[in-house]
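Structure data follow from upload.pdb (PDB, C-alpha atoms, pLDDT in the B column):
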```pdb
MODEL        1
ATOM      1  CA  MET A   1       1.061  43.891  31.900  1.00 54.00           C
ATOM      2  CA  SER A   2       1.895  40.617  30.198  1.00 57.00           C
ATOM      3  CA  GLU A   3       2.357  37.259  31.909  1.00 63.00           C
ATOM      4  CA  ASN A   4       6.139  37.823  31.973  1.00 64.00           C
ATOM      5  CA  GLY A   5       5.735  41.113  33.774  1.00 60.00           C
ATOM      6  CA  GLU A   6       6.573  43.199  30.695  1.00 65.00           C
ATOM      7  CA  ARG A   7       4.573  46.307  29.864  1.00 67.00           C
ATOM      8  CA  ASN A   8       2.484  45.975  26.712  1.00 73.00           C
ATOM      9  CA  VAL A   9       3.299  48.584  24.082  1.00 76.00           C
ATOM     10  CA  PRO A  10       0.131  49.971  22.442  1.00 79.00           C
ATOM     11  CA  GLY A  11      -0.035  48.984  18.783  1.00 82.00           C
ATOM     12  CA  LYS A  12       2.756  46.373  19.003  1.00 85.00           C
ATOM     13  CA  GLY A  13       0.529  43.639  17.577  1.00 86.00           C
ATOM     14  CA  LEU A  14      -0.472  45.858  14.681  1.00 90.00           C
ATOM     15  CA  LEU A  15       3.154  46.651  13.898  1.00 90.00           C
ATOM     16  CA  ASP A  16       4.101  42.963  13.983  1.00 89.00           C
ATOM     17  CA  GLY A  17       1.317  42.152  11.538  1.00 89.00           C
ATOM     18  CA  LEU A  18       2.334  44.937   9.179  1.00 91.00           C
ATOM     19  CA  ALA A  19       5.919  43.696   9.282  1.00 90.00           C
ATOM     20  CA  VAL A  20       4.796  40.275   8.074  1.00 90.00           C
ATOM     21  CA  THR A  21       2.746  41.915   5.321  1.00 90.00           C
ATOM     22  CA  LEU A  22       5.720  43.959   4.124  1.00 89.00           C
ATOM     23  CA  LYS A  23       7.889  40.828   3.959  1.00 87.00           C
ATOM     24  CA  THR A  24       5.394  38.971   1.797  1.00 85.00           C
ATOM     25  CA  LEU A  25       4.830  41.910  -0.553  1.00 85.00           C
ATOM     26  CA  THR A  26       8.269  41.477  -2.094  1.00 83.00           C
ATOM     27  CA  ARG A  27       7.956  37.726  -2.606  1.00 83.00           C
ATOM     28  CA  ARG A  28       6.702  36.092  -5.771  1.00 82.00           C
ATOM     29  CA  SER A  29       3.190  34.691  -5.595  1.00 78.00           C
ATOM     30  CA  THR A  30       2.872  30.904  -5.861  1.00 79.00           C
ATOM     31  CA  THR A  31      -0.902  30.751  -6.251  1.00 82.00           C
ATOM     32  CA  GLN A  32      -2.003  27.977  -8.616  1.00 83.00           C
ATOM     33  CA  GLN A  33      -4.676  29.041 -11.091  1.00 85.00           C
ATOM     34  CA  TYR A  34      -7.094  26.234 -10.257  1.00 87.00           C
ATOM     35  CA  PRO A  35      -9.355  25.098 -11.927  1.00 86.00           C
ATOM     36  CA  ASP A  36      -7.849  26.551 -15.116  1.00 89.00           C
ATOM     37  CA  VAL A  37      -4.549  24.803 -14.301  1.00 88.00           C
ATOM     38  CA  GLN A  38      -4.822  21.321 -12.837  1.00 86.00           C
ATOM     39  CA  PRO A  39      -2.525  20.630  -9.871  1.00 87.00           C
ATOM     40  CA  ASP A  40       0.373  18.223 -10.279  1.00 86.00           C
ATOM     41  CA  LEU A  41      -0.481  15.640  -7.632  1.00 86.00           C
ATOM     42  CA  PRO A  42       1.941  12.989  -6.349  1.00 85.00           C
ATOM     43  CA  PRO A  43       1.396   9.465  -7.678  1.00 76.00           C
ATOM     44  CA  ARG A  44       0.035   8.111  -4.369  1.00 81.00           C
ATOM     45  CA  SER A  45      -2.559  10.814  -3.775  1.00 88.00           C
ATOM     46  CA  ARG A  46      -5.700   9.752  -1.961  1.00 90.00           C
ATOM     47  CA  GLY A  47      -8.691  10.941  -3.934  1.00 92.00           C
ATOM     48  CA  VAL A  48     -11.721   8.754  -4.512  1.00 95.00           C
ATOM     49  CA  ILE A  49     -11.845   4.962  -4.102  1.00 96.00           C
ATOM     50  CA  ALA A  50     -12.461   2.810  -7.185  1.00 96.00           C
ATOM     51  CA  LEU A  51     -13.982  -0.683  -7.241  1.00 97.00           C
ATOM     52  CA  SER A  52     -12.994  -3.552  -9.527  1.00 95.00           C
ATOM     53  CA  GLU A  53     -16.191  -5.608  -9.331  1.00 94.00           C
ATOM     54  CA  GLU A  54     -14.758  -8.719 -10.996  1.00 93.00           C
ATOM     55  CA  ASN A  55     -12.087  -8.981  -8.271  1.00 94.00           C
ATOM     56  CA  CYS A  56     -14.518  -8.734  -5.352  1.00 95.00           C
ATOM     57  CA  THR A  57     -15.325 -12.056  -3.635  1.00 93.00           C
ATOM     58  CA  VAL A  58     -17.702 -10.553  -1.034  1.00 94.00           C
ATOM     59  CA  CYS A  59     -15.387 -11.548   1.807  1.00 94.00           C
ATOM     60  CA  MET A  60     -16.654  -8.531   3.823  1.00 94.00           C
ATOM     61  CA  LEU A  61     -13.175  -7.698   5.147  1.00 95.00           C
ATOM     62  CA  CYS A  62     -13.368  -4.074   4.026  1.00 96.00           C
ATOM     63  CA  ALA A  63     -16.797  -3.526   5.619  1.00 96.00           C
ATOM     64  CA  ARG A  64     -15.744  -5.128   8.914  1.00 95.00           C
ATOM     65  CA  GLU A  65     -12.467  -3.220   9.196  1.00 96.00           C
ATOM     66  CA  CYS A  66     -13.870   0.191   8.226  1.00 96.00           C
ATOM     67  CA  PRO A  67     -13.713   2.396  11.365  1.00 95.00           C
ATOM     68  CA  ASP A  68     -16.510   4.663  10.055  1.00 94.00           C
ATOM     69  CA  TRP A  69     -18.854   1.895   8.895  1.00 95.00           C
ATOM     70  CA  CYS A  70     -19.329   3.687   5.571  1.00 96.00           C
ATOM     71  CA  ILE A  71     -19.178   0.572   3.336  1.00 97.00           C
ATOM     72  CA  TYR A  72     -22.408  -1.306   2.639  1.00 97.00           C
ATOM     73  CA  ILE A  73     -22.284  -4.709   0.906  1.00 96.00           C
ATOM     74  CA  ASP A  74     -25.036  -7.153  -0.048  1.00 96.00           C
ATOM     75  CA  SER A  75     -24.792 -10.390  -2.030  1.00 94.00           C
ATOM     76  CA  HIS A  76     -26.430 -13.705  -2.754  1.00 94.00           C
ATOM     77  CA  LYS A  77     -25.205 -17.222  -3.503  1.00 92.00           C
ATOM     78  CA  GLU A  78     -25.448 -19.011  -6.813  1.00 90.00           C
ATOM     79  CA  GLU A  79     -24.777 -22.637  -7.701  1.00 88.00           C
ATOM     80  CA  VAL A  80     -22.132 -23.286 -10.325  1.00 85.00           C
ATOM     81  CA  VAL A  81     -22.176 -26.662 -12.075  1.00 84.00           C
ATOM     82  CA  VAL A  82     -18.621 -27.926 -12.572  1.00 83.00           C
ATOM     83  CA  PRO A  83     -18.241 -30.700 -15.162  1.00 85.00           C
ATOM     84  CA  GLY A  84     -16.989 -33.854 -13.514  1.00 82.00           C
ATOM     85  CA  ALA A  85     -17.741 -32.698  -9.956  1.00 81.00           C
ATOM     86  CA  ALA A  86     -19.936 -34.743  -7.663  1.00 82.00           C
ATOM     87  CA  ARG A  87     -22.095 -31.773  -6.715  1.00 84.00           C
ATOM     88  CA  ALA A  88     -22.555 -28.151  -7.708  1.00 83.00           C
ATOM     89  CA  ARG A  89     -20.459 -25.462  -6.081  1.00 86.00           C
ATOM     90  CA  GLN A  90     -21.596 -22.162  -4.656  1.00 87.00           C
ATOM     91  CA  ARG A  91     -20.167 -18.717  -5.250  1.00 88.00           C
ATOM     92  CA  ASN A  92     -21.013 -15.268  -3.941  1.00 91.00           C
ATOM     93  CA  VAL A  93     -22.490 -12.749  -6.380  1.00 92.00           C
ATOM     94  CA  LEU A  94     -22.124  -9.068  -5.527  1.00 94.00           C
ATOM     95  CA  ASP A  95     -25.470  -7.240  -5.502  1.00 95.00           C
ATOM     96  CA  LYS A  96     -24.624  -4.018  -3.663  1.00 96.00           C
ATOM     97  CA  PHE A  97     -21.380  -2.235  -2.891  1.00 97.00           C
ATOM     98  CA  ASP A  98     -21.809   1.352  -1.676  1.00 97.00           C
ATOM     99  CA  ILE A  99     -19.329   3.758  -0.090  1.00 97.00           C
ATOM    100  CA  ASP A 100     -20.615   6.839   1.702  1.00 97.00           C
ATOM    101  CA  PHE A 101     -17.895   9.440   1.128  1.00 96.00           C
ATOM    102  CA  SER A 102     -19.646  11.856   3.473  1.00 95.00           C
ATOM    103  CA  LEU A 103     -18.531   9.559   6.319  1.00 95.00           C
ATOM    104  CA  CYS A 104     -15.250   8.258   4.865  1.00 95.00           C
ATOM    105  CA  MET A 105     -12.085   9.634   6.482  1.00 95.00           C
ATOM    106  CA  TYR A 106      -9.775   8.250   3.738  1.00 94.00           C
ATOM    107  CA  CYS A 107      -7.698   6.101   6.070  1.00 94.00           C
ATOM    108  CA  GLY A 108      -7.149   3.449   3.372  1.00 94.00           C
ATOM    109  CA  ILE A 109      -7.740   0.460   5.662  1.00 96.00           C
ATOM    110  CA  CYS A 110     -10.281  -1.050   3.255  1.00 96.00           C
ATOM    111  CA  ILE A 111      -7.756  -0.972   0.421  1.00 95.00           C
ATOM    112  CA  GLU A 112      -4.987  -2.498   2.530  1.00 94.00           C
ATOM    113  CA  VAL A 113      -7.042  -5.416   3.874  1.00 95.00           C
ATOM    114  CA  CYS A 114      -8.562  -6.401   0.517  1.00 95.00           C
ATOM    115  CA  PRO A 115      -6.858  -9.707  -0.418  1.00 93.00           C
ATOM    116  CA  PHE A 116      -7.832  -9.586  -4.104  1.00 93.00           C
ATOM    117  CA  ASP A 117      -7.077  -5.934  -5.072  1.00 92.00           C
ATOM    118  CA  ALA A 118     -10.708  -5.013  -5.597  1.00 95.00           C
ATOM    119  CA  LEU A 119     -10.305  -1.486  -4.172  1.00 96.00           C
ATOM    120  CA  HIS A 120      -7.838   1.108  -5.471  1.00 95.00           C
ATOM    121  CA  TRP A 121      -6.910   4.708  -4.764  1.00 94.00           C
ATOM    122  CA  THR A 122      -7.348   7.234  -7.555  1.00 93.00           C
ATOM    123  CA  PRO A 123      -5.996  10.804  -7.633  1.00 91.00           C
ATOM    124  CA  GLU A 124      -9.405  12.174  -8.667  1.00 92.00           C
ATOM    125  CA  PHE A 125     -10.819  14.617  -6.121  1.00 91.00           C
ATOM    126  CA  GLU A 126     -13.391  16.559  -8.116  1.00 91.00           C
ATOM    127  CA  TYR A 127     -16.537  14.760  -6.995  1.00 92.00           C
ATOM    128  CA  ALA A 128     -18.083  17.380  -4.727  1.00 91.00           C
ATOM    129  CA  GLU A 129     -21.882  17.478  -4.600  1.00 93.00           C
ATOM    130  CA  THR A 130     -24.441  20.057  -3.568  1.00 93.00           C
ATOM    131  CA  ASP A 131     -26.479  17.329  -1.855  1.00 94.00           C
ATOM    132  CA  VAL A 132     -24.781  15.235   0.819  1.00 94.00           C
ATOM    133  CA  LEU A 133     -26.866  12.216  -0.179  1.00 93.00           C
ATOM    134  CA  SER A 134     -25.206  12.218  -3.591  1.00 94.00           C
ATOM    135  CA  LEU A 135     -21.876  11.307  -1.963  1.00 95.00           C
ATOM    136  CA  LEU A 136     -23.139   7.740  -1.613  1.00 96.00           C
ATOM    137  CA  HIS A 137     -21.481   5.998  -4.576  1.00 96.00           C
ATOM    138  CA  ASP A 138     -22.849   2.649  -5.712  1.00 96.00           C
ATOM    139  CA  LYS A 139     -20.848  -0.116  -7.381  1.00 95.00           C
ATOM    140  CA  ASP A 140     -21.525   1.213 -10.883  1.00 95.00           C
ATOM    141  CA  ARG A 141     -20.196   4.659 -10.058  1.00 96.00           C
ATOM    142  CA  LEU A 142     -17.260   3.197  -8.129  1.00 96.00           C
ATOM    143  CA  GLY A 143     -16.460   1.071 -11.179  1.00 96.00           C
ATOM    144  CA  GLU A 144     -16.325   4.151 -13.395  1.00 95.00           C
ATOM    145  CA  TRP A 145     -13.417   5.475 -11.342  1.00 95.00           C
ATOM    146  CA  MET A 146     -11.262   2.480 -12.367  1.00 95.00           C
ATOM    147  CA  ARG A 147     -10.247   4.269 -15.580  1.00 94.00           C
ATOM    148  CA  THR A 148      -8.479   6.916 -13.468  1.00 91.00           C
ATOM    149  CA  VAL A 149      -6.427   4.443 -11.401  1.00 92.00           C
ATOM    150  CA  PRO A 150      -2.713   5.057 -12.142  1.00 89.00           C
ATOM    151  CA  PRO A 151      -0.610   2.079 -13.237  1.00 87.00           C
ATOM    152  CA  PRO A 152       1.437   0.316 -10.544  1.00 82.00           C
ATOM    153  CA  PRO A 153       5.089   1.312 -10.136  1.00 78.00           C
ATOM    154  CA  VAL A 154       7.684  -0.546 -12.135  1.00 79.00           C
ATOM    155  CA  HIS A 155       9.191  -3.489 -10.284  1.00 75.00           C
ATOM    156  CA  ASP A 156      12.801  -3.046  -9.224  1.00 77.00           C
ATOM    157  CA  VAL A 157      14.943  -5.435 -11.253  1.00 78.00           C
ATOM    158  CA  LEU A 158      17.497  -5.598  -8.436  1.00 82.00           C
ATOM    159  CA  GLY A 159      14.889  -6.363  -5.783  1.00 80.00           C
ATOM    160  CA  GLU A 160      13.530  -9.704  -4.718  1.00 82.00           C
ATOM    161  CA  PRO A 161      10.891 -11.248  -7.019  1.00 79.00           C
ATOM    162  CA  SER A 162       7.290 -11.160  -5.889  1.00 77.00           C
ATOM    163  CA  LYS A 163       5.532 -14.260  -4.624  1.00 80.00           C
ATOM    164  CA  GLU A 164       3.621 -14.633  -7.873  1.00 78.00           C
ATOM    165  CA  GLU A 165       6.798 -14.414  -9.966  1.00 81.00           C
ATOM    166  CA  ALA A 166       8.635 -16.871  -7.725  1.00 84.00           C
ATOM    167  CA  THR A 167       5.759 -19.353  -7.919  1.00 86.00           C
ATOM    168  CA  ALA A 168       5.541 -19.078 -11.709  1.00 86.00           C
ATOM    169  CA  ALA A 169       9.315 -19.519 -12.071  1.00 87.00           C
ATOM    170  CA  ARG A 170       9.258 -22.559  -9.788  1.00 87.00           C
ATOM    171  CA  LYS A 171       6.492 -24.215 -11.797  1.00 86.00           C
ATOM    172  CA  ALA A 172       8.248 -23.470 -15.080  1.00 86.00           C
ATOM    173  CA  ALA A 173      11.585 -24.840 -13.854  1.00 84.00           C
ATOM    174  CA  GLY A 174      10.088 -28.098 -12.614  1.00 77.00           C
ATOM    175  CA  PRO A 175      10.378 -29.877  -9.283  1.00 72.00           C
ATOM    176  CA  GLY A 176      13.725 -29.725  -7.511  1.00 65.00           C
ATOM    177  CA  ALA A 177      15.118 -26.860  -9.611  1.00 60.00           C
ATOM    178  CA  ALA A 178      16.660 -23.853  -7.914  1.00 58.00           C
ATOM    179  CA  THR A 179      14.901 -20.549  -8.541  1.00 51.00           C
ATOM    180  CA  ALA A 180      16.062 -16.963  -8.270  1.00 52.00           C
ATOM    181  CA  ALA A 181      14.354 -16.588  -4.900  1.00 48.00           C
ATOM    182  CA  LYS A 182      16.392 -19.483  -3.460  1.00 52.00           C
ATOM    183  CA  THR A 183      19.724 -18.664  -5.021  1.00 52.00           C
ATOM    184  CA  ALA A 184      19.673 -14.868  -4.507  1.00 51.00           C
ATOM    185  CA  ARG A 185      21.814 -13.559  -1.671  1.00 50.00           C
ATOM    186  CA  PRO A 186      21.025 -10.309   0.127  1.00 51.00           C
ATOM    187  CA  GLY A 187      23.432  -7.501  -0.646  1.00 51.00           C
ATOM    188  CA  GLY A 188      26.290  -6.899   1.723  1.00 49.00           C
ATOM    189  CA  VAL A 189      26.481 -10.487   3.056  1.00 51.00           C
ATOM    190  CA  ARG A 190      29.946 -11.973   2.842  1.00 55.00           C
ATOM    191  CA  THR A 191      30.346 -15.620   2.163  1.00 55.00           C
ATOM    192  CA  ARG A 192      32.743 -17.552   4.363  1.00 61.00           C
ATOM    193  CA  PRO A 193      35.369 -19.565   2.451  1.00 57.00           C
ATOM    194  CA  PRO A 194      35.147 -23.306   2.881  1.00 59.00           C
ATOM    195  CA  ALA A 195      37.107 -24.656   5.798  1.00 59.00           C
ATOM    196  CA  THR A 196      40.318 -26.458   4.867  1.00 63.00           C
ATOM    197  CA  ALA A 197      41.907 -29.292   6.810  1.00 60.00           C
ATOM    198  CA  PRO A 198      45.080 -28.335   8.737  1.00 62.00           C
ATOM    199  CA  PRO A 199      48.351 -29.623   7.228  1.00 63.00           C
ATOM    200  CA  ALA A 200      49.349 -33.062   8.387  1.00 62.00           C
ATOM    201  CA  VAL A 201      52.091 -33.093  11.047  1.00 64.00           C
ATOM    202  CA  PRO A 202      54.708 -35.863  10.469  1.00 66.00           C
ATOM    203  CA  PRO A 203      54.963 -38.330  13.371  1.00 66.00           C
ATOM    204  CA  PRO A 204      58.055 -38.058  15.606  1.00 66.00           C
ATOM    205  CA  PRO A 205      60.947 -40.407  14.739  1.00 66.00           C
ATOM    206  CA  ALA A 206      61.058 -43.678  16.665  1.00 63.00           C
ATOM    207  CA  ALA A 207      63.652 -43.808  19.519  1.00 61.00           C
ATOM    208  CA  GLU A 208      66.692 -45.986  18.786  1.00 63.00           C
ATOM    209  CA  PRO A 209      67.384 -48.859  21.269  1.00 62.00           C
ATOM    210  CA  ALA A 210      70.234 -48.256  23.733  1.00 60.00           C
ATOM    211  CA  PRO A 211      73.465 -50.220  22.995  1.00 61.00           C
ATOM    212  CA  GLU A 212      74.126 -53.218  25.223  1.00 62.00           C
ATOM    213  CA  THR A 213      77.131 -53.019  27.616  1.00 57.00           C
ATOM    214  CA  ASP A 214      79.262 -55.893  29.019  1.00 58.00           C
ATOM    215  CA  LYS A 215      78.814 -56.469  32.678  1.00 50.00           C
TER
ENDMDL
END
```
Translate this structure into structure tokens?
Amino acid sequence: MSENGERNVPGKGLLDGLAVTLKTLTRRSTTQQYPDVQPDLPPRSRGVIALSEENCTVCMLCARECPDWCIYIDSHKEEVVVPGAARARQRNVLDKFDIDFSLCMYCGICIEVCPFDALHWTPEFEYAETDVLSLLHDKDRLGEWMRTVPPPPVHDVLGEPSKEEATAARKAAGPGAATAAKTARPGGVRTRPPATAPPAVPPPPAAEPAPETDK
């Protein structure tokens, strides 16, 4: 007996399974012949993470925000002599940047929080290893993945300009000049016509004096 009180028919599960098999026998197979035929992945696929070393400022935001603690960064400080400056400045030099892909869950938080676009998604996914220790990619190997980073999408000409474009246009136009970001109106907003003064009402005519009568 089933939970609903119905009597179980012997072989009903087998018949249901064979019915599904018969339905799929007449359908065309959609199996992709991988690896002979590479899959057509969407443009924002999450494969491996690439590192642009020249953009990294060792701010440690990616390592602090990583929920799996799979990013390891090490650096040192160097003094940079600036001509005309009173004293030398210091800058961070990246020594170590490793990502352990055996721990990474591909959430993308490190890429989103990076303020200087040092980390990028790539659609490459063929980096499986026979040894789990080989999934620890150093900065040199992460830099090699930069050649597989797809180009950014084309900017919409009808959309609002980016902050960088607005700043460059403002500097080129000079101080006090109106830019496209200031003069652009969002679509669908109606402008109210300027208010006009009501027509002037003529003053009422003055009352004539009453004629004098003899008493």
Original post:
Can you tell me how far CA of Phe97 in chain A sits from CA of Arg147 in chain A, in Å to one decimal?
Top reply: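 CA of Arg147 in chain A lies 18.1 Å from CA of Phe97 in chain A.
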**OP:** Check which residues satisfy the PyMOL selection byres ((chain A and resi 60-65) around 7) in the file shown, then give them as a ChimeraX atom specification.
**Re:** /A:58-59,66-67,69,71-72,109-110,113-114
Original post:
Smallest atom-to-atom distance to Leu135 in chain A: which of A:Cys70, A:Val157, A:Leu51, A:Ala118, using only C-alpha atoms?
Top reply: A:Cys70
Original post:
Interatomic distance between CA of Leu119 in chain A and CA of Pro42 in chain A?
Top reply: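 CA of Leu119 in chain A sits 19.1 Å away from CA of Pro42 in chain A.
Closest approach to Ile49 in chain A from the set A:Val154, A:Cys104, A:Ala166, A:Leu133 is made by A:Cys104, with distances taken over all atoms listed in the file.
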**OP:** Using the chain letters and numbering of this document, enumerate as a VMD selection string the residues selected by the PyMOL selection byres ((chain A and resi 127) around 12).
**Re:** chain A and resid 47 to 49 101 to 102 122 to 126 128 to 132 134 to 137 141 to 142 145
Since we have the selection now, will you write its residues out, keeping C-alpha atoms, as a PDB file, in the coordinates of the input?
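selection_25.pdb written:
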```pdb
ATOM      1  CA  GLY A  47      -8.691  10.941  -3.934  1.00 92.00           C
ATOM      2  CA  VAL A  48     -11.721   8.754  -4.512  1.00 95.00           C
ATOM      3  CA  ILE A  49     -11.845   4.962  -4.102  1.00 96.00           C
ATOM      4  CA  PHE A 101     -17.895   9.440   1.128  1.00 96.00           C
ATOM      5  CA  SER A 102     -19.646  11.856   3.473  1.00 95.00           C
ATOM      6  CA  THR A 122      -7.348   7.234  -7.555  1.00 93.00           C
ATOM      7  CA  PRO A 123      -5.996  10.804  -7.633  1.00 91.00           C
ATOM      8  CA  GLU A 124      -9.405  12.174  -8.667  1.00 92.00           C
ATOM      9  CA  PHE A 125     -10.819  14.617  -6.121  1.00 91.00           C
ATOM     10  CA  GLU A 126     -13.391  16.559  -8.116  1.00 91.00           C
ATOM     11  CA  ALA A 128     -18.083  17.380  -4.727  1.00 91.00           C
ATOM     12  CA  GLU A 129     -21.882  17.478  -4.600  1.00 93.00           C
ATOM     13  CA  THR A 130     -24.441  20.057  -3.568  1.00 93.00           C
ATOM     14  CA  ASP A 131     -26.479  17.329  -1.855  1.00 94.00           C
ATOM     15  CA  VAL A 132     -24.781  15.235   0.819  1.00 94.00           C
ATOM     16  CA  SER A 134     -25.206  12.218  -3.591  1.00 94.00           C
ATOM     17  CA  LEU A 135     -21.876  11.307  -1.963  1.00 95.00           C
ATOM     18  CA  LEU A 136     -23.139   7.740  -1.613  1.00 96.00           C
ATOM     19  CA  HIS A 137     -21.481   5.998  -4.576  1.00 96.00           C
ATOM     20  CA  ARG A 141     -20.196   4.659 -10.058  1.00 96.00           C
ATOM     21  CA  LEU A 142     -17.260   3.197  -8.129  1.00 96.00           C
ATOM     22  CA  TRP A 145     -13.417   5.475 -11.342  1.00 95.00           C
TER      23      TRP A 145
END
```
Subject >> Computed interatomic separation between CA of Leu158 in chain A and CA of Trp121 in chain A (Å) >> reply: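 So the two atoms, CA of Leu158 in chain A and CA of Trp121 in chain A, lie 26.7 Å apart.
Candidate residues A:Ala172, A:Lys96, A:Asp117, A:Thr24 were compared for distance to Pro152 in chain A, and the nearest is A:Asp117, using only C-alpha atoms.
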Would you list the residues near (-25.9, -25.1, -9.0), meaning any protein, DNA or RNA residue with an atom at most 9 Å from that point in file coordinates, counting all atoms listed in the file, as a short mmCIF file (atom, residue, chain, number, x, y, z; two decimals) with C-alpha atoms, in the frame of the given file?
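Saved result, part.cif, follows:
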```
data_model
loop_
_atom_site.label_atom_id
_atom_site.label_comp_id
_atom_site.auth_asym_id
_atom_site.auth_seq_id
_atom_site.Cartn_x
_atom_site.Cartn_y
_atom_site.Cartn_z
CA GLU A 78 -25.45 -19.01 -6.81
CA GLU A 79 -24.78 -22.64 -7.70
CA VAL A 80 -22.13 -23.29 -10.32
CA VAL A 81 -22.18 -26.66 -12.08
CA VAL A 82 -18.62 -27.93 -12.57
CA ARG A 87 -22.10 -31.77 -6.72
CA ALA A 88 -22.56 -28.15 -7.71
CA ARG A 89 -20.46 -25.46 -6.08
CA GLN A 90 -21.60 -22.16 -4.66
#
```
Original post:
For Asp140 in chain A, which residue among A:Pro175, A:Pro43, A:Ala50, A:Asp74 is the nearest when counting only C-alpha atoms?
Top reply: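 Ranked by minimum distance to Asp140 in chain A, first place goes to A:Ala50.
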